[in-house]
Amino acid sequence: MDDLPIGPMLAVVTLLILWSGLFTAIEAAHQHLLAQRTATRSSDKPVAKLSFPLASLIFCNTLCRALAVVISTLLAIFTWAENGPWVACLGAGVILLVFSDYLPRALATRYPDAILAQGNNLLRVPLKIIYPAAWLLNSISQLLTRPFARKAKVVQRSEDETPTERQDTPETVSRPHPLPGIHALDNITVNDILVPRSDVDGINLDDPIGEIIEQLRHNKRTRLPVFHSDINQVEAVLNTRHILHLLPDASLTREALLAASHEPYFVPESTPLQLQLLNFHKQQRRLGMVVDEYGEVLGIVTLEDILEEIVGEFESQHSLDNPHIHPQADGRLVIDGAASIRELNKSLGWHLPSDGPKTLNGLVTEALETIPESAVCLKIGRYRLEILETEDNRVTRVLIWQTSSMPVII
């Protein structure tokens with residue numbers, strides 16, 4: 001280490017700290033602008049947004065800080081020998097906190113639009129290139145958290161076993177009173193009722209215009225998110241009624257599509273439904289893009305979704321006509337695996353866990369962590385689920401009945 005190039009290494013450390021400060025400022029500016037979007041009207045000036053994945057930004061920021069600490073430690077050991085690590089720890093920590101955290105965040109709060117625009121110009125291409133590495137690390141972290149997920153109790157039912165505790169017949173299924181459902185809006189957040197991003201229909205501007213026209217011809221929704229490549233890069237929300245006259249003769253262009261769209265409206269995932277109902281009325285919106293604390297799009301929520309939470313309890317006859325629910329003579333229910341858990345809970349007054357998988361098939365496969373075979377029986381809280389049929393690696397039919405015991409916390 002006698003020939004350690006101190007000058008170049010100091011220059012590298014300085015550069016890493018400056019880049020880390022830039023990454024932090026861009027992330028803070030993004031968060032600041034995201035917080036303001038809930039009060040943004042469609043007539044306001046469009047707000048700048050990230051033109052690259054946020055995961056890449058976080059990955060590069062962490063990498064810069066780690067490299068700065070490592071190189072600083074090497075320089076400190078070369079200069080102060082055994083006292084080097086302590087000096088590097090204190091010195092690098094203070095410098096990173098000031099120049100890579102506090103100062104960038106203060107500047108980002110003061111000049112968010114300018115910083116975000118500059119970051120998009122400088123980092124659009126390199127952070128898109130580095131995204132596969134960030135995606136890989138993010139996937140590994142999600143894999144490591146899987147063992148901590150809640151699991152249901154699994155019971156193998158014998159062939160001669162008969163259920164002794166069954167739910168009431170469909171005619172006598174107990175449902176909560178509608179008025180408590182209205183008051184419960186304060187305890188339900190947007191995240192509880194959102195349509196997950198995997199189920200969101202949207203227009204990808206990177207697709208050929210012919211495919212977009214064909215998609216719109218078969219579309220049954222009035223409003224669709226418009227994005228580039230990924231829904232995190234949402235550009236606008238399209239009102240399909242404004243372009244219906246351009247579909248029969250295939251005269252729709254991307255310019256006409258964007259002209260019929262308006263700025264997206266972003267909703268934090270923790271917003272209570274009662275507050276969001278007021279926000280929809282105040283902003284004159286009917287669809288919101290639900291985002292987490294990092295600005296990642298989780299899904300969408302609509303005014304109709306919230307109203308269904310209020311008036312859905314009145315639709316008792318409609319709930320019994322759910323095509324996924326097949327009542328049996330003994331009071332049990334045969335339900336299709338594709339049935340939405342949220343719809344089942346609303347239709348039947350149940351409380352199946354809906355904070356994870358959105359379908360009955362997803363709930364069963366997550367609980368078992370495998371594709372189950374027939375005759376396997378689960379117990380989830382007070383509900384017993386018997387797998388009747390599986391097809392193409394998914395559960396297609398489940399027999400469910402409700403026991404009389406109190407729910408079990410799993």
# chains A, B, ... in the order shown; residues from 1 in each chain; ligands from 1
>>> residues_around(residues="Ile209 (chain A)", least_positions_apart="5", cutoff="9 Å", atoms="only C-alpha atoms", output="ChimeraX atom specification")
/A:214,252-254
>>> atom_distance(atom1="CA of Asp113 (chain A)", atom2="CA of Arg197 (chain A)")
27.0 Å
>>> select_by_dssp(residues="region 66-282 of chain A", states="helix (DSSP H, G or I)", output="PyMOL selection string")
chain A and resi 66-110+112-129+131-148+170-172+178-187+190-193+197-199+209-218+240-242+244-246+254-259+273-282
>>> residues_around(residues="region 332-335 of chain A", least_positions_apart="3", cutoff="7 Å", atoms="only C-alpha atoms", output="VMD selection string")
chain A and resid 166 to 167 324 to 328 397 to 401
>>> atom_distance(atom1="CA of Ile71 (chain A)", atom2="CA of Gly21 (chain A)")
17.2 Å
>>> residues_around(residues="Leu216 (chain A)", least_positions_apart="4", cutoff="9 Å", atoms="only C-alpha atoms", output="PyMOL selection string")
chain A and resi 203+211-212+220+240+244+247
>>> write_last_selection(atoms="N, CA and C atoms", output="compact mmCIF listing (two decimals), in the first residue's frame")
# COMPACT_ATOMS: atom_id res chain seq x y z
N ILE A 203 -53.17 1.21 -21.89
CA ILE A 203 -52.66 1.40 -23.24
C ILE A 203 -51.16 1.64 -23.17
N GLU A 211 -52.27 -2.49 -32.95
CA GLU A 211 -52.62 -3.29 -31.78
C GLU A 211 -53.41 -2.47 -30.77
N ILE A 212 -53.07 -1.18 -30.63
CA ILE A 212 -53.80 -0.31 -29.71
C ILE A 212 -55.25 -0.16 -30.15
N LYS A 220 -64.02 -2.65 -22.70
CA LYS A 220 -65.34 -2.34 -22.15
C LYS A 220 -65.28 -1.27 -21.06
N THR A 240 -62.15 6.78 -23.13
CA THR A 240 -62.36 6.07 -24.40
C THR A 240 -63.56 6.59 -25.18
N LEU A 244 -64.05 6.93 -29.66
CA LEU A 244 -64.81 5.81 -30.24
C LEU A 244 -65.07 6.01 -31.73
N LEU A 247 -62.36 4.59 -34.17
CA LEU A 247 -62.00 3.17 -34.17
C LEU A 247 -62.53 2.40 -35.38
>>> atom_distance(atom1="CA of Ile140 (chain A)", atom2="CA of Asn120 (chain A)")
27.3 Å
>>> closest_residue(among="A:Ser72, A:Gln233, A:Asn204, A:Thr145", to="Lys49 (chain A)", atoms="only C-alpha atoms")
A:Gln233
>>> closest_residue(among="A:Ala28, A:Leu277, A:Leu33, A:Ile58", to="Ala108 (chain A)", atoms="only C-alpha atoms")
A:Ala28
>>> closest_residue(among="A:Tyr111, A:Phe99, A:Trp80, A:Phe59", to="Ile130 (chain A)", atoms="only C-alpha atoms")
A:Phe59
